[in-house]
Amino acid sequence: MAKLETYKPIQARVAPKDPIKIKSDTLRKLLKDKRAVVCILFLVIVALIGILAPLLAPFDPEEQFYESILQGPSKEHLLGTDAIGRDVLSRLVYGVRVTLTVSMLAVAITFFLGTFIGLLSAYVGGWLDNVLMRIMDILLALPSIILALAIVAILGPSLTNAMIAVGVASIPGFARLIRGAALSIKSSGFVEASRSIGSSHSWILRRQFLPNVAGVLLVYTTLFIGVAILDTAALSFIGLGAQPPTPEWGTMLSEGKNYMYDAWWLATFPGIAITIVVFSVNFLGDALRDIFDPKSTR
Amino acid sequence: MTTTLLELKSVEKKFAAKSAWFQSKQFVHAVNGVSFELNERETIGIVGESGCGKSTTGRCVLRLIEPTSGEVIFQGKDITKLNKNEINQIRKNIQMVFQDPMASMNPKLTIREILSEPLIAHKIPRSEHEKLLSETVKLVGLSENYLARFPHEMSGGQRQRIGIARAIILKPKIVILDEPVSALDVSVQSQILNLLQDLQEELGLSYLFISHDLGVVEHVAHRVGVMYLGEMVEIANKEELFENPLHPYTKALISAIPKTDPDEVKERITLKGELPSPSNPPTGCKFHPRCIFAQDICKTSKPEIREVEGRKVACHLV
């Protein structure tokens with residue numbers, strides 16, 4: 001060792017620590033993006049509304065006011081009442097809970113199974129990749145809402161089954177995207193280096209693949225939340241998702257469509273709610289994509 | 001008395017080329033019957049043009065690419081016949097340094113995490129990690145505060161030092177160096193080469209040094225093997241090979257090294273024509289279409305590698 005210790009080690013310059021520096025690079029970039037900040041704030045407010053629904057809603061969502069059926073927006077019922085005298089605002093506020101939980105759980109299904117299939121397919125390759133991707137291709141040939149319809153038809157209409165259906169129907173698209181991202185990592189030098197070191201497969205997947213697909217995962221998960229909200233509402237609209245009297249936005253829309261000419265407020269407010277939430281989720285997804293993939297053009 | 005550590009016996013690798021349906025399968029013969037042995041504390045340089053199969057040969061040793069046939073014998077065992085667990089044991093003793101240090105490191109991990117990978121893969125107890133990490137980093141001439149950095153925060157030379165540190169942290173017997181300095185500036189190249197030589201002395205390593213740069217190989221290798229289109233055409237001690245090359249291809253390569261003395265008159269052999277496609281190699285001696293000494297026999301029969309004056313050459317005319 002004597003000879004080598006005569007080397008004067010090259011000293012690394014240590015940057016002085018900035019006390020208020022935001023640690024995560026991603027978060028810092030995200031906060032610079034105005035539309036992302038607006039969307040995040042809005043979504044946080046929406047989530048809070050859902051959590052605090054019992055405090056915020058003026059009435060019980062299932063309470064019926066027989067003396068004020070199909071009343072337009074008034075001082076007492078800010079967004080009016082529906083055909084059996086329930087307060088639209090209260091139903092809308094409680095609907096946040098249903099919409100957010102169902103779409104989050106649906107996306108969780110997509111996220112775990114889609115990531116698993118995508119990574120497995122890319123990493124193992126060969127015939128397994130072929131088989132898995134051909135199955136995904138067949139499922140992709142159907143629009144996700146048709147696929148979800150088929151799944152609900154098999155499982156029977158209920159909110160839980162709609163959630164499963166929406167989650168499963170998004171898997172093919174998600175798995176394909178993750179497979180694409182993983183393939184580029186598979187051919188990279190550091191995966192080969194890992195193999196030459198003798199690391200186990202699970203280690204390579206966890207430490208080499210996951211950190212590098214995390215950005216892509218985050219972007220697509222966010223974008224898929226928007227799809228999930230829309231698909232759940234759509235299933236409920238045609239009566240295959242949430243069953244009345246559950247205050248779900250899609251169901252409310254469906255109930256309101258019969259009174260479009262007499263009571264415009266019934267369908268309009270849930271429609272606006274769905275639109276704005278999906279809009280901000282998608283905007284947030286776009287902002288995230290710009291951060292993780294600066295090369296992609298808008 | 002030198003002991004043989006690693007022995008390659010007619011290693012072959014065929015890659016299946018894309019072929020249309022119902023067409024007979026096409027193969028690219030990337031490595032075609034390469035044999036050589038690597039002794040303890042020795043550096044063997046493998047040189048050749050791009051695409052001659054030198055990197056593939058190196059990867060076949062670690063079975064990063066599965067050889068089609070042939071034997072790779074390490075410590076009396078044929079590596080090509082081992083199962084997954086056994087091959088991982090071998091990988092503890094044979095490590096690899098890659099050409100591009102940036103590409104061979106995960107950009108999302110710190111140097112500490114990158115260097116810990118071999119320790120975790122081979123189940124070194126956690127209590128020893130810290131000591132090994134700081135020891136190895138110092139061994140490659142860096143200080144411990146580099147451990148907290150990311151690969152992109154370092155220069156190319158420093159990154160390659162980390163690449164080397166990762167390969168030697170388990171104290172292997174053999175390190176396969178696949179163009180370890182080709183991606184670096186000339187000034188940094190010499191530092192890294194000197195570091196490699198010092199490490200060889202300190203740790204008793206054997207190197208399989210793959211390079212296209214004859215100057216670099218002349219500097220570090222004890223013996224040199226010259227490859228052409230997947231075949232080993234000449235293996236000799238460095239001095240002999242550079243003083244008196246026997247194979248016409250080696251002669252051409254050596255004559256192409258720039259001379260430091262401008263007045264020195266040296267006959268230069270210029271190779272004519274392109275490197276033939278390995279999927280459709282020439283008949284007989286693969287070098288004959290470009291060889292200035294080619295005879296009729298070279299077109300029809302393939303010269304086997306044989307001992308000539310204590311070295312090995314594959315040429316009819318020697």
# chains A, B, ... in the order shown; residues from 1 in each chain; ligands from 1
>>> closest_atom_pairs(of="chain B", to="chain A", cutoff="8 Å", atoms="only C-alpha atoms", output="JSON lines")
{"residue": "B:Leu62", "atom": "CA", "partner": "A:Ser196", "partner_atom": "CA", "distance": 6.7}
{"residue": "B:Leu64", "atom": "CA", "partner": "A:Ser196", "partner_atom": "CA", "distance": 6.6}
{"residue": "B:Asn88", "atom": "CA", "partner": "A:Gly198", "partner_atom": "CA", "distance": 5.0}
{"residue": "B:Gln89", "atom": "CA", "partner": "A:Gly198", "partner_atom": "CA", "distance": 7.9}
{"residue": "B:Arg91", "atom": "CA", "partner": "A:Gly198", "partner_atom": "CA", "distance": 5.8}
{"residue": "B:Lys92", "atom": "CA", "partner": "A:Ile197", "partner_atom": "CA", "distance": 7.1}
{"residue": "B:Gln95", "atom": "CA", "partner": "A:Ile197", "partner_atom": "CA", "distance": 6.4}
{"residue": "B:Met96", "atom": "CA", "partner": "A:Ser196", "partner_atom": "CA", "distance": 6.6}
{"residue": "B:Phe98", "atom": "CA", "partner": "A:Ala193", "partner_atom": "CA", "distance": 7.6}
{"residue": "B:Asp100", "atom": "CA", "partner": "A:Gly189", "partner_atom": "CA", "distance": 8.0}
{"residue": "B:Ala103", "atom": "CA", "partner": "A:Gly189", "partner_atom": "CA", "distance": 5.0}
{"residue": "B:Ser104", "atom": "CA", "partner": "A:Phe190", "partner_atom": "CA", "distance": 3.8}
{"residue": "B:Met105", "atom": "CA", "partner": "A:Phe190", "partner_atom": "CA", "distance": 4.8}
{"residue": "B:Asn106", "atom": "CA", "partner": "A:Phe190", "partner_atom": "CA", "distance": 5.6}
{"residue": "B:Lys108", "atom": "CA", "partner": "A:Pro211", "partner_atom": "CA", "distance": 6.4}
{"residue": "B:Glu117", "atom": "CA", "partner": "A:Ser199", "partner_atom": "CA", "distance": 7.4}
{"residue": "B:Pro118", "atom": "CA", "partner": "A:Ile197", "partner_atom": "CA", "distance": 5.8}
{"residue": "B:Ile120", "atom": "CA", "partner": "A:Ser199", "partner_atom": "CA", "distance": 7.9}
{"residue": "B:Ala121", "atom": "CA", "partner": "A:Ser199", "partner_atom": "CA", "distance": 4.7}
{"residue": "B:His122", "atom": "CA", "partner": "A:Gly198", "partner_atom": "CA", "distance": 7.6}
{"residue": "B:Lys138", "atom": "CA", "partner": "A:Pro9", "partner_atom": "CA", "distance": 6.6}
{"residue": "B:Leu139", "atom": "CA", "partner": "A:Leu4", "partner_atom": "CA", "distance": 6.6}
{"residue": "B:Gly141", "atom": "CA", "partner": "A:Pro9", "partner_atom": "CA", "distance": 4.8}
{"residue": "B:Leu142", "atom": "CA", "partner": "A:Pro9", "partner_atom": "CA", "distance": 4.6}
{"residue": "B:Ser143", "atom": "CA", "partner": "A:Pro9", "partner_atom": "CA", "distance": 5.2}
{"residue": "B:Asn145", "atom": "CA", "partner": "A:Ala12", "partner_atom": "CA", "distance": 6.0}
{"residue": "B:Tyr146", "atom": "CA", "partner": "A:Ala12", "partner_atom": "CA", "distance": 5.9}
{"residue": "B:Ala167", "atom": "CA", "partner": "A:Ile197", "partner_atom": "CA", "distance": 7.8}
{"residue": "B:Asp198", "atom": "CA", "partner": "A:Leu4", "partner_atom": "CA", "distance": 7.3}
{"residue": "B:Glu202", "atom": "CA", "partner": "A:Met1", "partner_atom": "CA", "distance": 6.3}
>>> residues_around(residues="B:Arg41", least_positions_apart="5", cutoff="12 Å", atoms="only C-alpha atoms", output="list in words")
Met1, Thr2, Thr3, Thr4, Leu5, Leu6, Pro172, Lys173, Ile174, Val175, Gln197, Asp198, Leu199, Gln200, Glu201, Glu202, Leu203, Gly204, Leu205, Ser206, Tyr207, Leu208, Ala221, His222 and Arg223 of chain B
>>> closest_residue(among="B:Thr250, B:Gln99, B:Thr260, B:Asn39", to="B:Cys291", atoms="only C-alpha atoms")
B:Thr250
>>> atom_distance(atom1="atom CA of A:Ala214", atom2="atom CA of A:Ala175")
13.9 Å
>>> select_by_dssp(residues="stretch 1-202 of chain A", states="alpha helix (DSSP H)", output="ChimeraX atom specification")
/A:2-5,25-32,34-51,53-56,88-124,126-140,144-155,159-186,189-197,201-202
>>> residues_around(residues="A:Val168", least_positions_apart="5", cutoff="12 Å", atoms="only C-alpha atoms", output="PyMOL selection string")
chain A and resi 105-114+136+139-140+144-152+161-163+173-175+224+228+231
>>> write_last_selection(atoms="C-alpha atoms", output="CSV table (one decimal), in the first residue's frame")
chain,number,residue,atom,x,y,z
A,105,LEU,CA,-58.0,3.3,-6.1
A,106,ALA,CA,-58.6,2.7,-9.8
A,107,VAL,CA,-55.3,4.4,-10.7
A,108,ALA,CA,-53.6,2.4,-7.9
A,109,ILE,CA,-54.7,-0.8,-9.7
A,110,THR,CA,-53.4,0.5,-13.0
A,111,PHE,CA,-50.2,1.7,-11.4
A,112,PHE,CA,-49.2,-1.5,-9.7
A,113,LEU,CA,-50.3,-4.0,-12.3
A,114,GLY,CA,-49.2,-1.8,-15.2
A,136,MET,CA,-52.0,-5.8,-24.2
A,139,LEU,CA,-57.0,-5.1,-25.1
A,140,LEU,CA,-55.7,-1.8,-26.5
A,144,SER,CA,-60.7,1.7,-22.5
A,145,ILE,CA,-64.4,2.6,-21.8
A,146,ILE,CA,-65.7,-0.3,-23.8
A,147,LEU,CA,-63.3,-2.6,-22.0
A,148,ALA,CA,-64.4,-1.2,-18.7
A,149,LEU,CA,-68.0,-1.8,-19.8
A,150,ALA,CA,-67.3,-5.4,-20.6
A,151,ILE,CA,-65.6,-5.9,-17.2
A,152,VAL,CA,-68.5,-4.3,-15.3
A,161,ASN,CA,-66.7,-3.1,-9.7
A,162,ALA,CA,-66.6,0.1,-11.7
A,163,MET,CA,-63.4,1.0,-9.9
A,173,GLY,CA,-51.8,1.5,-22.2
A,174,PHE,CA,-49.9,2.1,-18.9
A,175,ALA,CA,-47.9,-1.2,-19.3
A,224,PHE,CA,-54.3,8.4,-15.8
A,228,ALA,CA,-60.0,7.4,-14.3
A,231,ASP,CA,-64.3,6.9,-17.0
>>> residues_around(residues="B:Glu7", least_positions_apart="6", cutoff="8 Å", atoms="only C-alpha atoms", output="MDAnalysis selection string")
chainID B and resid 35:38 71:74
>>> write_last_selection(atoms="C-alpha atoms", output="tab-separated table (two decimals), in the first residue's frame")
chain	number	residue	atom	x	y	z
B	35	SER	CA	-7.98	-19.09	-27.66
B	36	PHE	CA	-5.52	-17.54	-25.28
B	37	GLU	CA	-4.53	-17.74	-21.67
B	38	LEU	CA	-4.11	-15.08	-19.03
B	71	GLU	CA	-14.57	-23.19	-23.05
B	72	VAL	CA	-13.58	-20.47	-20.61
B	73	ILE	CA	-11.63	-22.06	-17.81
B	74	PHE	CA	-11.12	-20.18	-14.56
>>> residues_around(residues="A:Ser121", least_positions_apart="3", cutoff="8 Å", atoms="only C-alpha atoms", output="number ranges by chain")
A: 117-118, 124-125, 128-130, 132-133, 179
>>> write_last_selection(atoms="N, CA and C atoms", output="PDB file, in the first residue's frame")
ATOM      1  N   ILE A 117     -46.326  -5.400 -15.110  1.00  0.00           N
ATOM      2  CA  ILE A 117     -46.330  -6.036 -16.436  1.00  0.00           C
ATOM      3  C   ILE A 117     -45.317  -5.364 -17.356  1.00  0.00           C
ATOM      4  N   GLY A 118     -45.292  -4.027 -17.332  1.00  0.00           N
ATOM      5  CA  GLY A 118     -44.375  -3.295 -18.212  1.00  0.00           C
ATOM      6  C   GLY A 118     -42.924  -3.615 -17.921  1.00  0.00           C
ATOM      7  N   VAL A 124     -37.481  -9.170 -18.894  1.00  0.00           N
ATOM      8  CA  VAL A 124     -37.305 -10.569 -19.272  1.00  0.00           C
ATOM      9  C   VAL A 124     -37.164 -10.690 -20.790  1.00  0.00           C
ATOM     10  N   GLY A 125     -37.989  -9.937 -21.517  1.00  0.00           N
ATOM     11  CA  GLY A 125     -37.898  -9.963 -22.972  1.00  0.00           C
ATOM     12  C   GLY A 125     -38.313 -11.306 -23.548  1.00  0.00           C
ATOM     13  N   LEU A 128     -41.859 -14.096 -23.381  1.00  0.00           N
ATOM     14  CA  LEU A 128     -42.758 -13.526 -22.376  1.00  0.00           C
ATOM     15  C   LEU A 128     -43.188 -12.124 -22.793  1.00  0.00           C
ATOM     16  N   ASP A 129     -42.216 -11.349 -23.258  1.00  0.00           N
ATOM     17  CA  ASP A 129     -42.489  -9.996 -23.746  1.00  0.00           C
ATOM     18  C   ASP A 129     -43.508 -10.060 -24.883  1.00  0.00           C
ATOM     19  N   ASN A 130     -43.264 -11.005 -25.787  1.00  0.00           N
ATOM     20  CA  ASN A 130     -44.170 -11.150 -26.933  1.00  0.00           C
ATOM     21  C   ASN A 130     -45.587 -11.486 -26.505  1.00  0.00           C
ATOM     22  N   LEU A 132     -47.058 -11.156 -23.468  1.00  0.00           N
ATOM     23  CA  LEU A 132     -47.685 -10.089 -22.691  1.00  0.00           C
ATOM     24  C   LEU A 132     -48.110  -8.926 -23.581  1.00  0.00           C
ATOM     25  N   MET A 133     -47.224  -8.531 -24.487  1.00  0.00           N
ATOM     26  CA  MET A 133     -47.535  -7.363 -25.310  1.00  0.00           C
ATOM     27  C   MET A 133     -48.631  -7.652 -26.340  1.00  0.00           C
ATOM     28  N   ARG A 179     -43.140  -0.135 -20.378  1.00  0.00           N
ATOM     29  CA  ARG A 179     -42.240  -1.046 -21.080  1.00  0.00           C
ATOM     30  C   ARG A 179     -41.292  -0.256 -21.965  1.00  0.00           C
TER      31      ARG A 179
END
>>> residues_around(residues="A:Leu56", least_positions_apart="4", cutoff="10 Å", atoms="only C-alpha atoms", output="list in words")
Leu48, Ile49, Gly50, Ile51, Leu52, Leu89, Ser90, Val93 and Tyr94 of chain A
>>> residues_around(residues="A:His77", least_positions_apart="4", cutoff="9 Å", atoms="only C-alpha atoms", output="JSON, numbers by chain")
{"A": [58, 71, 72, 73, 81, 87, 88, 89]}
>>> write_last_selection(atoms="all heavy atoms", output="mmCIF file, in the first residue's frame")
data_model
loop_
_atom_site.group_PDB
_atom_site.id
_atom_site.type_symbol
_atom_site.label_atom_id
_atom_site.label_comp_id
_atom_site.auth_asym_id
_atom_site.auth_seq_id
_atom_site.Cartn_x
_atom_site.Cartn_y
_atom_site.Cartn_z
ATOM 1 N N PRO A 58 -73.942 22.052 3.515
ATOM 2 C CA PRO A 58 -75.006 22.651 4.323
ATOM 3 C C PRO A 58 -76.027 21.627 4.815
ATOM 4 O O PRO A 58 -76.626 21.797 5.886
ATOM 5 C CB PRO A 58 -75.644 23.669 3.386
ATOM 6 C CG PRO A 58 -75.194 23.304 2.011
ATOM 7 C CD PRO A 58 -73.922 22.556 2.132
ATOM 8 N N GLN A 71 -86.047 23.076 -7.192
ATOM 9 C CA GLN A 71 -85.936 24.521 -7.043
ATOM 10 C C GLN A 71 -84.596 24.998 -7.585
ATOM 11 O O GLN A 71 -83.573 24.353 -7.382
ATOM 12 C CB GLN A 71 -86.031 24.879 -5.564
ATOM 13 C CG GLN A 71 -87.272 25.680 -5.255
ATOM 14 C CD GLN A 71 -87.339 26.034 -3.798
ATOM 15 O OE1 GLN A 71 -86.314 26.109 -3.136
ATOM 16 N NE2 GLN A 71 -88.547 26.250 -3.313
ATOM 17 N N GLY A 72 -84.617 26.143 -8.255
ATOM 18 C CA GLY A 72 -83.375 26.717 -8.780
ATOM 19 C C GLY A 72 -82.512 27.226 -7.648
ATOM 20 O O GLY A 72 -82.935 27.235 -6.486
ATOM 21 N N PRO A 73 -81.274 27.646 -7.982
ATOM 22 C CA PRO A 73 -80.387 28.189 -6.962
ATOM 23 C C PRO A 73 -81.054 29.308 -6.170
ATOM 24 O O PRO A 73 -81.657 30.202 -6.765
ATOM 25 C CB PRO A 73 -79.210 28.731 -7.776
ATOM 26 C CG PRO A 73 -79.225 27.925 -9.028
ATOM 27 C CD PRO A 73 -80.660 27.615 -9.293
ATOM 28 N N THR A 81 -82.133 22.375 -5.882
ATOM 29 C CA THR A 81 -82.450 21.027 -5.407
ATOM 30 C C THR A 81 -82.848 20.148 -6.580
ATOM 31 O O THR A 81 -83.186 20.640 -7.652
ATOM 32 C CB THR A 81 -83.630 21.040 -4.413
ATOM 33 O OG1 THR A 81 -84.723 21.690 -5.061
ATOM 34 C CG2 THR A 81 -83.268 21.751 -3.139
ATOM 35 N N ASP A 87 -80.379 18.591 -1.750
ATOM 36 C CA ASP A 87 -79.568 19.782 -1.986
ATOM 37 C C ASP A 87 -78.398 19.447 -2.911
ATOM 38 O O ASP A 87 -77.553 18.592 -2.594
ATOM 39 C CB ASP A 87 -79.054 20.314 -0.645
ATOM 40 C CG ASP A 87 -78.247 21.573 -0.824
ATOM 41 O OD1 ASP A 87 -78.780 22.540 -1.389
ATOM 42 O OD2 ASP A 87 -77.066 21.580 -0.396
ATOM 43 N N VAL A 88 -78.335 20.103 -4.069
ATOM 44 C CA VAL A 88 -77.302 19.787 -5.074
ATOM 45 C C VAL A 88 -75.902 20.081 -4.542
ATOM 46 O O VAL A 88 -74.965 19.297 -4.731
ATOM 47 C CB VAL A 88 -77.578 20.554 -6.386
ATOM 48 C CG1 VAL A 88 -76.423 20.384 -7.349
ATOM 49 C CG2 VAL A 88 -78.860 20.053 -7.025
ATOM 50 N N LEU A 89 -75.740 21.228 -3.852
ATOM 51 C CA LEU A 89 -74.417 21.591 -3.341
ATOM 52 C C LEU A 89 -73.888 20.519 -2.389
ATOM 53 O O LEU A 89 -72.733 20.090 -2.494
ATOM 54 C CB LEU A 89 -74.489 22.946 -2.627
ATOM 55 C CG LEU A 89 -73.168 23.415 -1.997
ATOM 56 C CD1 LEU A 89 -72.088 23.583 -3.057
ATOM 57 C CD2 LEU A 89 -73.369 24.718 -1.232
#
